[in-house]
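Beneath this line is the structure, given in structure tokens, with notes to follow.
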Amino acid sequence: CSSLAAIMLLEVFLALGAVIIYFLFSKRKEEKLSFKEGWWGKGQKPDAEEDTTIRPFKVETTEEELSDLFRRLDQARFTEPLENSCFHYGTNSVYLRKVVSYWKNQFNWKKQVEVLNKYPQFKTKIQGIDIHFVHVKPPRLPEGHSATPLLMVHGWPGSFYEFYKIIPLLTDPASHGLSDENIFEVICPSIPGYGFSEAPHKTGFSSVSAASVFYELMLRLGFNEFYAQGGDWGWLVCTNLAQIAPNHMKGLHLNLASVTNIGFTHLLSILLGRYFPGLFGFQEEDVRRMFPFWDKWIYRTLLESGYAHIQATKPDTAGCGLNDSPVGLASYILEKFSTWTDPKFRDLEDGGLERKFNLDDLLTNIMIYWVSGCVVSSMRFYKENLQKGIGTQKHERLPVRVPTGIASFPNELLHTPRAWAQKKYTNIVSFHFMPRGGHFAALEEPELLAEDILQFVRKVEKEQLWKKK
């Protein structure tokens with residue numbers, strides 16, 4: 001009888017041990033996101049090996065394309081805005097007329113093409129589609145220095161052009177009064193379906209798909225270890241890349257960090273954080289940016305997320321009109337560059353657009369969408385990422401253990417406090433409240449963003465933090 005009890009006890013211990021081992025190993029397995037091998041080209045995937053050649057690329061536009069553009073601009077129909085409505089109803093058509101007039105009579109696209117082509121650009125085929133990227137090496141390297149590879153990923157309705165002002169600050173920091181402890185080799189790809197990257201021909205191309213494609217790109221370029229930086233969709237693509245290849249990414253820098261898995265402590269901090277900030281790890285600036293929560297989170301989200309709902313449900317319907325009308329496209333994109341740069345710009349008839357940007361830069365970004373005909377495919381990225389619901393994807397449940405730096409700009413759409421971010425990004429080594437700036441940080445405040453990237457990488461390199469992740 002005692003031997004039977006001993007056997008039963010042993011079986012219980014073995015069962016418990018098996019359960020513990022299962023949970024330990026299953027948890028460890030869950031910590032890494034699977035690389036997504038896809039085929040996004042037309043038709044069936046061919047049996048032949050994919051051509052991995054990296055081909056030089058230059059932006060080119062034909063006279064026929066420009067004639068067609070000017071014809072459409074000449075035939076634009078405008079609707080009179082409501083009196084004193086400013087940008088509260090969207091892009092104000094009084095100001096839009098001025099933009100179109102400048103576009104037709106003063107904007108020099110051919111000159112801007114030269115600006116676009118001043119940095120080396122390339123294309124290479126990955127998973128069946130052509131991937132476009134800018135690749136800029138340092139003009140000079142001090143003796144004993146090697147360039148640090150940095151992948152920079154844009155979002156919507158931006159493009160690779162967003163990084164043109166920050167690239168020289170990172171590839172040649174000393175010439176711009178910045179520390180040259182780290183000098184970067186910068187790679188700025190266009191997300192598939194954006195700019196000059198081919199659009200996926202199949203449904204299902206998500207941020208994880210884009211991260212997998214960019215991982216292949218970095219390996220193809222010979223970078224076994226690299227840093228990544230992003231905002232907007234670039235935040236999610238780079239986050240997914242950190243989850244797919246944590247042993248290859250030395251550090252992750254973000255100028256937007258959103259958390260989609262909301263736990264009980266998050267909810268409690270929403271209710272009580274304004275009154276007991278220290279209890280939830282909030283700083284004074286967190287309280288200022290977040291509360292009252294109804295106004296600064298809930299109402300602002302409802303006010304500014306209509307476009308996302310359209311694009312996450314029926315992108316092709318709205319996109320067809322934008323792809324057919326350059327004025328409609330400009331109206332749609334300019335409104336985002338206004339409100340997302342500073343919500344107070346809604347109170348201005350010109351949307352405050354020329355307070356932070358110039359029309360040449362704004363129209364160059366719009367022209368990238370127009371000449372490539374990519375607006376519909378760029379909008380589809382919302383549906384591919386959001387159609388299954390927020391909080392339902394595997395990557396949303398997984399932590400990021402790669403050393404992370406966050407630059408928190410005051411006019412970003414929604415503020416994520418460090419206390420929330422570190423639930424997802426468990427190895428935050430740098431979190432800074434930036435003194436000014438909004439959503440399009442690289443274009444609006446290139447110096448501030450460059451300084452934050454430089455200090456973050458300096459810290460990671462000096463303390464060799466990537467080896468401790």
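Going by the structure tokens order, chains are called A, B, ..., each with residues numbered from 1, while ligands are numbered from 1 in the order shown.
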When DSSP is applied to the backbone of this structure, which of stretch 152-355 of chain A are assigned helix (DSSP H, G or I)? Write them out as a compact mmCIF listing (two decimals) with N, CA, C and O atoms, in the first residue's frame.
# COMPACT_ATOMS: atom_id res chain seq x y z
N PHE A 160 9.70 57.95 -47.61
CA PHE A 160 11.14 57.96 -47.34
C PHE A 160 11.70 59.38 -47.33
O PHE A 160 12.71 59.66 -46.70
N TYR A 161 11.02 60.30 -48.01
CA TYR A 161 11.49 61.69 -48.08
C TYR A 161 11.48 62.38 -46.72
O TYR A 161 12.22 63.35 -46.50
N GLU A 162 10.67 61.89 -45.80
CA GLU A 162 10.65 62.46 -44.44
C GLU A 162 12.03 62.50 -43.80
O GLU A 162 12.30 63.33 -42.93
N PHE A 163 12.91 61.59 -44.22
CA PHE A 163 14.22 61.46 -43.57
C PHE A 163 15.33 62.26 -44.24
O PHE A 163 16.47 62.23 -43.79
N ILE A 167 19.08 62.70 -42.46
CA ILE A 167 20.16 61.83 -42.95
C ILE A 167 21.54 62.46 -42.79
O ILE A 167 22.45 61.83 -42.24
N PRO A 168 21.75 63.71 -43.25
CA PRO A 168 23.10 64.29 -43.09
C PRO A 168 23.53 64.47 -41.64
O PRO A 168 24.72 64.41 -41.33
N LEU A 169 22.57 64.67 -40.74
CA LEU A 169 22.90 64.82 -39.32
C LEU A 169 23.41 63.51 -38.73
O LEU A 169 24.15 63.51 -37.74
N LEU A 170 22.99 62.40 -39.31
CA LEU A 170 23.37 61.08 -38.80
C LEU A 170 24.59 60.50 -39.52
O LEU A 170 25.38 59.78 -38.92
N THR A 171 24.73 60.82 -40.81
CA THR A 171 25.86 60.28 -41.58
C THR A 171 27.11 61.16 -41.46
O THR A 171 28.22 60.71 -41.72
N PRO A 173 27.62 63.71 -38.53
CA PRO A 173 27.19 64.53 -37.38
C PRO A 173 28.15 65.66 -37.03
O PRO A 173 27.71 66.74 -36.64
N ALA A 174 29.46 65.43 -37.17
CA ALA A 174 30.45 66.44 -36.76
C ALA A 174 30.27 67.74 -37.56
O ALA A 174 30.42 68.84 -37.02
N SER A 175 29.93 67.64 -38.83
CA SER A 175 29.74 68.82 -39.68
C SER A 175 28.51 69.62 -39.28
O SER A 175 28.32 70.75 -39.74
N HIS A 176 27.66 69.03 -38.45
CA HIS A 176 26.42 69.71 -38.02
C HIS A 176 26.42 69.98 -36.51
O HIS A 176 25.37 70.16 -35.89
N SER A 207 2.21 44.48 -40.89
CA SER A 207 3.46 45.03 -40.35
C SER A 207 4.49 43.93 -40.13
O SER A 207 5.69 44.16 -40.31
N VAL A 208 4.04 42.73 -39.76
CA VAL A 208 4.96 41.60 -39.57
C VAL A 208 5.56 41.19 -40.91
O VAL A 208 6.75 40.86 -41.01
N SER A 209 4.75 41.25 -41.97
CA SER A 209 5.24 40.96 -43.32
C SER A 209 6.30 41.98 -43.72
O SER A 209 7.36 41.62 -44.26
N ALA A 210 6.02 43.27 -43.47
CA ALA A 210 6.97 44.33 -43.81
C ALA A 210 8.26 44.16 -43.02
O ALA A 210 9.37 44.33 -43.56
N ALA A 211 8.15 43.83 -41.72
CA ALA A 211 9.33 43.62 -40.89
C ALA A 211 10.17 42.47 -41.42
O ALA A 211 11.41 42.54 -41.44
N SER A 212 9.51 41.41 -41.87
CA SER A 212 10.22 40.25 -42.41
C SER A 212 10.96 40.61 -43.70
O SER A 212 12.10 40.20 -43.92
N VAL A 213 10.30 41.41 -44.54
CA VAL A 213 10.93 41.87 -45.79
C VAL A 213 12.15 42.74 -45.49
O VAL A 213 13.22 42.58 -46.10
N PHE A 214 12.02 43.65 -44.53
CA PHE A 214 13.13 44.55 -44.20
C PHE A 214 14.27 43.80 -43.50
O PHE A 214 15.44 44.18 -43.61
N TYR A 215 13.94 42.74 -42.77
CA TYR A 215 14.97 41.89 -42.17
C TYR A 215 15.80 41.24 -43.28
O TYR A 215 17.03 41.24 -43.24
N GLU A 216 15.10 40.73 -44.29
CA GLU A 216 15.81 40.16 -45.44
C GLU A 216 16.66 41.21 -46.14
O GLU A 216 17.78 40.93 -46.57
N LEU A 217 16.12 42.41 -46.24
CA LEU A 217 16.86 43.49 -46.89
C LEU A 217 18.16 43.78 -46.16
O LEU A 217 19.24 43.89 -46.78
N MET A 218 18.09 43.92 -44.83
CA MET A 218 19.29 44.23 -44.05
C MET A 218 20.33 43.12 -44.16
O MET A 218 21.53 43.38 -44.28
N LEU A 219 19.89 41.87 -44.13
CA LEU A 219 20.82 40.76 -44.28
C LEU A 219 21.44 40.76 -45.68
O LEU A 219 22.64 40.50 -45.84
N ARG A 220 20.62 41.07 -46.68
CA ARG A 220 21.11 41.11 -48.05
C ARG A 220 22.16 42.20 -48.23
O ARG A 220 23.10 42.07 -49.02
N TRP A 233 3.64 54.05 -38.70
CA TRP A 233 3.76 52.61 -38.99
C TRP A 233 5.19 52.12 -38.80
O TRP A 233 5.40 50.94 -38.51
N GLY A 234 6.16 53.02 -38.96
CA GLY A 234 7.55 52.63 -38.73
C GLY A 234 7.76 52.13 -37.31
O GLY A 234 8.61 51.25 -37.07
N TRP A 235 7.00 52.68 -36.36
CA TRP A 235 7.05 52.19 -34.97
C TRP A 235 6.71 50.71 -34.92
O TRP A 235 7.44 49.91 -34.31
N LEU A 236 5.62 50.32 -35.57
CA LEU A 236 5.16 48.94 -35.48
C LEU A 236 6.05 48.00 -36.29
O LEU A 236 6.38 46.89 -35.84
N VAL A 237 6.45 48.44 -37.48
CA VAL A 237 7.32 47.59 -38.32
C VAL A 237 8.65 47.33 -37.60
O VAL A 237 9.13 46.19 -37.54
N CYS A 238 9.24 48.37 -37.03
CA CYS A 238 10.52 48.21 -36.32
C CYS A 238 10.34 47.41 -35.04
O CYS A 238 11.23 46.63 -34.66
N THR A 239 9.21 47.58 -34.36
CA THR A 239 8.92 46.78 -33.16
C THR A 239 8.82 45.31 -33.53
O THR A 239 9.39 44.44 -32.86
N ASN A 240 8.10 45.01 -34.61
CA ASN A 240 7.99 43.61 -35.07
C ASN A 240 9.35 43.05 -35.47
O ASN A 240 9.64 41.87 -35.21
N LEU A 241 10.17 43.87 -36.07
CA LEU A 241 11.51 43.43 -36.46
C LEU A 241 12.35 43.09 -35.23
O LEU A 241 13.09 42.10 -35.22
N ALA A 242 12.18 43.87 -34.17
CA ALA A 242 12.88 43.58 -32.91
C ALA A 242 12.40 42.27 -32.31
O ALA A 242 13.16 41.56 -31.63
N GLN A 243 11.13 41.93 -32.56
CA GLN A 243 10.57 40.67 -32.05
C GLN A 243 10.99 39.48 -32.91
O GLN A 243 11.14 38.37 -32.41
N ILE A 244 11.17 39.72 -34.20
CA ILE A 244 11.59 38.65 -35.11
C ILE A 244 13.07 38.35 -34.98
O ILE A 244 13.49 37.19 -34.97
N PHE A 264 -5.09 45.60 -16.22
CA PHE A 264 -5.84 46.19 -15.10
C PHE A 264 -5.15 47.44 -14.56
O PHE A 264 -5.80 48.43 -14.25
N THR A 265 -3.80 47.39 -14.45
CA THR A 265 -3.07 48.55 -13.91
C THR A 265 -3.20 49.76 -14.83
O THR A 265 -3.24 50.90 -14.36
N HIS A 266 -3.26 49.51 -16.16
CA HIS A 266 -3.48 50.61 -17.09
C HIS A 266 -4.82 51.29 -16.80
O HIS A 266 -4.91 52.52 -16.72
N LEU A 267 -5.85 50.47 -16.68
CA LEU A 267 -7.19 51.01 -16.43
C LEU A 267 -7.25 51.77 -15.11
O LEU A 267 -7.86 52.84 -15.02
N LEU A 268 -6.60 51.21 -14.09
CA LEU A 268 -6.57 51.87 -12.79
C LEU A 268 -5.84 53.21 -12.87
O LEU A 268 -6.26 54.21 -12.27
N SER A 269 -4.75 53.24 -13.65
CA SER A 269 -3.98 54.49 -13.78
C SER A 269 -4.77 55.55 -14.55
O SER A 269 -4.60 56.74 -14.32
N ILE A 270 -5.66 55.11 -15.44
CA ILE A 270 -6.53 56.07 -16.15
C ILE A 270 -7.50 56.72 -15.16
O ILE A 270 -7.76 57.92 -15.21
N LEU A 271 -8.01 55.92 -14.23
CA LEU A 271 -8.98 56.43 -13.26
C LEU A 271 -8.33 57.27 -12.17
O LEU A 271 -8.87 58.30 -11.77
N LEU A 272 -7.14 56.83 -11.69
CA LEU A 272 -6.55 57.45 -10.50
C LEU A 272 -5.22 58.16 -10.73
O LEU A 272 -4.72 58.85 -9.84
N PRO A 277 -0.25 60.28 -9.19
CA PRO A 277 0.66 59.95 -10.31
C PRO A 277 1.83 59.05 -9.89
O PRO A 277 2.19 58.12 -10.62
N GLY A 278 2.40 59.33 -8.72
CA GLY A 278 3.56 58.56 -8.26
C GLY A 278 3.24 57.08 -8.08
O GLY A 278 4.11 56.22 -8.29
N LEU A 279 2.00 56.79 -7.74
CA LEU A 279 1.58 55.41 -7.51
C LEU A 279 1.66 54.58 -8.80
O LEU A 279 1.88 53.37 -8.76
N PHE A 280 1.53 55.25 -9.93
CA PHE A 280 1.52 54.55 -11.22
C PHE A 280 2.75 54.86 -12.07
O PHE A 280 2.80 54.53 -13.25
N GLU A 284 5.09 64.42 -13.90
CA GLU A 284 4.24 65.59 -14.04
C GLU A 284 3.85 65.83 -15.50
O GLU A 284 2.71 66.17 -15.82
N GLU A 285 4.82 65.61 -16.41
CA GLU A 285 4.56 65.82 -17.83
C GLU A 285 3.56 64.79 -18.36
O GLU A 285 2.74 65.10 -19.24
N ASP A 286 3.61 63.57 -17.84
CA ASP A 286 2.62 62.55 -18.23
C ASP A 286 1.21 63.03 -17.88
O ASP A 286 0.29 62.92 -18.70
N VAL A 287 1.06 63.54 -16.69
CA VAL A 287 -0.26 64.01 -16.23
C VAL A 287 -0.75 65.15 -17.11
O VAL A 287 -1.92 65.20 -17.51
N ARG A 288 0.17 66.07 -17.42
CA ARG A 288 -0.20 67.23 -18.25
C ARG A 288 -0.68 66.79 -19.63
O ARG A 288 -1.63 67.33 -20.18
N ARG A 289 0.00 65.79 -20.21
CA ARG A 289 -0.33 65.36 -21.57
C ARG A 289 -1.53 64.42 -21.63
O ARG A 289 -2.18 64.33 -22.67
N MET A 290 -1.83 63.73 -20.54
CA MET A 290 -2.87 62.68 -20.57
C MET A 290 -4.22 63.10 -20.03
O MET A 290 -5.25 62.54 -20.41
N PHE A 293 -8.45 62.76 -19.18
CA PHE A 293 -8.31 61.64 -20.10
C PHE A 293 -9.39 61.63 -21.17
O PHE A 293 -9.13 61.29 -22.32
N TRP A 294 -10.59 62.03 -20.81
CA TRP A 294 -11.68 62.03 -21.78
C TRP A 294 -11.35 62.98 -22.94
O TRP A 294 -11.53 62.64 -24.11
N ASP A 295 -10.83 64.17 -22.62
CA ASP A 295 -10.52 65.16 -23.65
C ASP A 295 -9.27 64.79 -24.44
O ASP A 295 -9.26 64.87 -25.67
N LYS A 296 -8.21 64.39 -23.75
CA LYS A 296 -6.91 64.23 -24.40
C LYS A 296 -6.66 62.84 -24.98
O LYS A 296 -5.72 62.66 -25.75
N TRP A 297 -7.50 61.88 -24.63
CA TRP A 297 -7.36 60.55 -25.21
C TRP A 297 -8.61 60.13 -25.97
O TRP A 297 -8.57 59.93 -27.17
N ILE A 298 -9.73 60.04 -25.25
CA ILE A 298 -10.96 59.50 -25.86
C ILE A 298 -11.49 60.43 -26.94
O ILE A 298 -11.67 60.03 -28.11
N TYR A 299 -11.76 61.70 -26.58
CA TYR A 299 -12.35 62.62 -27.55
C TYR A 299 -11.39 62.88 -28.71
O TYR A 299 -11.80 62.91 -29.87
N ARG A 300 -10.11 63.04 -28.40
CA ARG A 300 -9.13 63.30 -29.47
C ARG A 300 -9.04 62.11 -30.43
O ARG A 300 -8.92 62.28 -31.63
N THR A 301 -9.10 60.90 -29.87
CA THR A 301 -9.08 59.71 -30.72
C THR A 301 -10.28 59.68 -31.65
O THR A 301 -10.17 59.43 -32.85
N LEU A 302 -11.47 59.96 -31.10
CA LEU A 302 -12.68 59.98 -31.92
C LEU A 302 -12.61 61.07 -32.99
O LEU A 302 -13.02 60.87 -34.13
N LEU A 303 -12.05 62.21 -32.61
CA LEU A 303 -11.97 63.35 -33.52
C LEU A 303 -11.01 63.10 -34.68
O LEU A 303 -11.24 63.57 -35.79
N GLU A 304 -9.94 62.33 -34.42
CA GLU A 304 -8.87 62.21 -35.41
C GLU A 304 -8.75 60.83 -36.06
O GLU A 304 -7.83 60.61 -36.85
N GLY A 306 -11.18 59.04 -37.85
CA GLY A 306 -12.13 58.69 -38.91
C GLY A 306 -11.44 58.10 -40.14
O GLY A 306 -11.89 57.10 -40.71
N TYR A 307 -10.32 58.72 -40.53
CA TYR A 307 -9.56 58.23 -41.69
C TYR A 307 -9.14 56.77 -41.49
O TYR A 307 -9.16 55.96 -42.43
N ALA A 308 -8.72 56.44 -40.25
CA ALA A 308 -8.23 55.09 -39.95
C ALA A 308 -9.35 54.07 -40.08
O ALA A 308 -9.13 52.94 -40.53
N HIS A 309 -10.55 54.46 -39.67
CA HIS A 309 -11.68 53.54 -39.77
C HIS A 309 -12.01 53.25 -41.24
O HIS A 309 -12.26 52.11 -41.62
N ILE A 310 -11.98 54.31 -42.05
CA ILE A 310 -12.21 54.13 -43.49
C ILE A 310 -11.15 53.21 -44.08
O ILE A 310 -11.45 52.26 -44.81
N GLN A 311 -9.89 53.50 -43.76
CA GLN A 311 -8.78 52.78 -44.37
C GLN A 311 -8.66 51.35 -43.84
O GLN A 311 -8.13 50.47 -44.52
N ALA A 312 -9.18 51.12 -42.65
CA ALA A 312 -9.13 49.77 -42.08
C ALA A 312 -10.32 48.92 -42.52
O ALA A 312 -10.37 47.73 -42.22
N THR A 313 -11.27 49.55 -43.22
CA THR A 313 -12.45 48.80 -43.65
C THR A 313 -12.59 48.77 -45.17
O THR A 313 -12.61 47.72 -45.78
N PRO A 315 -10.59 50.66 -47.84
CA PRO A 315 -9.57 51.60 -48.36
C PRO A 315 -9.71 51.89 -49.85
O PRO A 315 -9.48 53.02 -50.29
N ASP A 316 -10.09 50.88 -50.63
CA ASP A 316 -10.14 51.08 -52.09
C ASP A 316 -11.22 52.07 -52.49
O ASP A 316 -11.06 52.80 -53.48
N THR A 317 -12.31 52.11 -51.75
CA THR A 317 -13.42 53.00 -52.11
C THR A 317 -12.99 54.46 -52.05
O THR A 317 -13.13 55.20 -53.02
N ALA A 318 -12.46 54.87 -50.91
CA ALA A 318 -11.99 56.25 -50.77
C ALA A 318 -10.74 56.49 -51.59
O ALA A 318 -10.54 57.56 -52.16
N GLY A 319 -9.88 55.48 -51.66
CA GLY A 319 -8.61 55.62 -52.34
C GLY A 319 -8.74 55.90 -53.82
O GLY A 319 -7.93 56.63 -54.40
N CYS A 320 -9.79 55.35 -54.46
CA CYS A 320 -9.99 55.57 -55.90
C CYS A 320 -10.10 57.04 -56.23
O CYS A 320 -9.54 57.52 -57.22
N GLY A 321 -10.85 57.78 -55.41
CA GLY A 321 -11.01 59.21 -55.64
C GLY A 321 -9.69 59.96 -55.49
O GLY A 321 -9.37 60.84 -56.28
N LEU A 322 -8.91 59.59 -54.47
CA LEU A 322 -7.62 60.25 -54.22
C LEU A 322 -6.63 59.94 -55.33
O LEU A 322 -5.81 60.80 -55.70
N ASN A 323 -6.69 58.73 -55.85
CA ASN A 323 -5.77 58.33 -56.91
C ASN A 323 -6.11 58.99 -58.24
O ASN A 323 -5.28 59.07 -59.14
N ASP A 324 -7.34 59.51 -58.34
CA ASP A 324 -7.80 60.13 -59.58
C ASP A 324 -7.65 61.65 -59.56
O ASP A 324 -7.66 62.28 -60.61
N PRO A 326 -5.37 64.84 -58.04
CA PRO A 326 -4.22 65.35 -57.27
C PRO A 326 -4.64 66.36 -56.20
O PRO A 326 -4.03 66.41 -55.14
N VAL A 327 -5.68 67.13 -56.48
CA VAL A 327 -6.14 68.11 -55.48
C VAL A 327 -6.79 67.39 -54.29
O VAL A 327 -6.56 67.75 -53.14
N GLY A 328 -7.57 66.35 -54.59
CA GLY A 328 -8.15 65.55 -53.52
C GLY A 328 -7.06 64.88 -52.68
O GLY A 328 -7.14 64.85 -51.45
N LEU A 329 -6.04 64.37 -53.34
CA LEU A 329 -4.92 63.73 -52.65
C LEU A 329 -4.21 64.73 -51.74
O LEU A 329 -3.92 64.44 -50.57
N ALA A 330 -3.95 65.93 -52.28
CA ALA A 330 -3.28 66.97 -51.49
C ALA A 330 -4.12 67.36 -50.28
O ALA A 330 -3.60 67.50 -49.16
N SER A 331 -5.42 67.52 -50.49
CA SER A 331 -6.32 67.89 -49.39
C SER A 331 -6.27 66.85 -48.28
O SER A 331 -6.19 67.18 -47.10
N TYR A 332 -6.31 65.59 -48.66
CA TYR A 332 -6.33 64.48 -47.70
C TYR A 332 -5.03 64.41 -46.90
O TYR A 332 -5.04 64.24 -45.68
N ILE A 333 -3.91 64.58 -47.58
CA ILE A 333 -2.61 64.45 -46.92
C ILE A 333 -2.26 65.70 -46.12
O ILE A 333 -1.76 65.61 -44.99
N LEU A 334 -2.53 66.88 -46.67
CA LEU A 334 -2.16 68.11 -45.97
C LEU A 334 -2.86 68.25 -44.63
O LEU A 334 -2.29 68.77 -43.67
N GLU A 335 -4.10 67.78 -44.57
CA GLU A 335 -4.84 67.88 -43.31
C GLU A 335 -4.11 67.13 -42.19
O GLU A 335 -4.07 67.57 -41.05
N LYS A 336 -3.51 65.99 -42.52
CA LYS A 336 -2.77 65.22 -41.52
C LYS A 336 -1.49 65.94 -41.10
O LYS A 336 -1.13 65.94 -39.92
N PHE A 337 -0.82 66.55 -42.07
CA PHE A 337 0.40 67.28 -41.73
C PHE A 337 0.10 68.52 -40.89
O PHE A 337 0.95 69.01 -40.16
N SER A 338 -1.11 69.02 -40.97
CA SER A 338 -1.52 70.14 -40.14
C SER A 338 -1.84 69.69 -38.71
O SER A 338 -1.14 70.02 -37.77
N THR A 339 -2.88 68.88 -38.58
CA THR A 339 -3.40 68.53 -37.25
C THR A 339 -2.42 67.66 -36.46
O THR A 339 -2.33 67.79 -35.25
N PRO A 343 -2.30 70.13 -32.82
CA PRO A 343 -3.77 70.15 -32.86
C PRO A 343 -4.36 71.56 -32.86
O PRO A 343 -5.47 71.78 -33.36
N LYS A 344 -3.58 72.54 -32.36
CA LYS A 344 -4.08 73.93 -32.35
C LYS A 344 -4.13 74.52 -33.75
O LYS A 344 -4.78 75.54 -33.98
N PHE A 345 -3.44 73.88 -34.70
CA PHE A 345 -3.46 74.38 -36.08
C PHE A 345 -4.84 74.28 -36.72
O PHE A 345 -5.08 74.88 -37.76
N ARG A 346 -5.74 73.51 -36.10
CA ARG A 346 -7.12 73.46 -36.60
C ARG A 346 -7.78 74.83 -36.55
O ARG A 346 -8.75 75.09 -37.26
N ASP A 347 -7.27 75.70 -35.67
CA ASP A 347 -7.87 77.02 -35.47
C ASP A 347 -7.40 78.04 -36.51
O ASP A 347 -7.81 79.21 -36.46
N LEU A 353 0.38 75.09 -41.72
CA LEU A 353 1.28 74.18 -42.44
C LEU A 353 2.65 74.79 -42.72
O LEU A 353 3.67 74.11 -42.63
N GLU A 354 2.67 76.08 -43.04
CA GLU A 354 3.96 76.70 -43.38
C GLU A 354 4.70 77.25 -42.16
O GLU A 354 5.75 77.88 -42.30
N ARG A 355 4.15 77.01 -40.98
CA ARG A 355 4.88 77.37 -39.76
C ARG A 355 5.97 76.37 -39.46
O ARG A 355 6.97 76.70 -38.84
Exercise. Might you pull out every residue within 7 Å of stretch 183-194 of chain A, with only C-alpha atoms counted and same-chain residues fewer than 2 positions away left off, and present them as a PyMOL selection string?
Key: chain A and resi 131-138+147-153+159-160+167+170-173+180-181+196-200+210+374+377-378
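The space separating atom CA of A:Phe431 from atom CA of A:Thr404 comes to 8.5 Å.
As for atom CA of A:Phe205 and atom CA of A:Lys424, they are spaced 23.4 Å apart.
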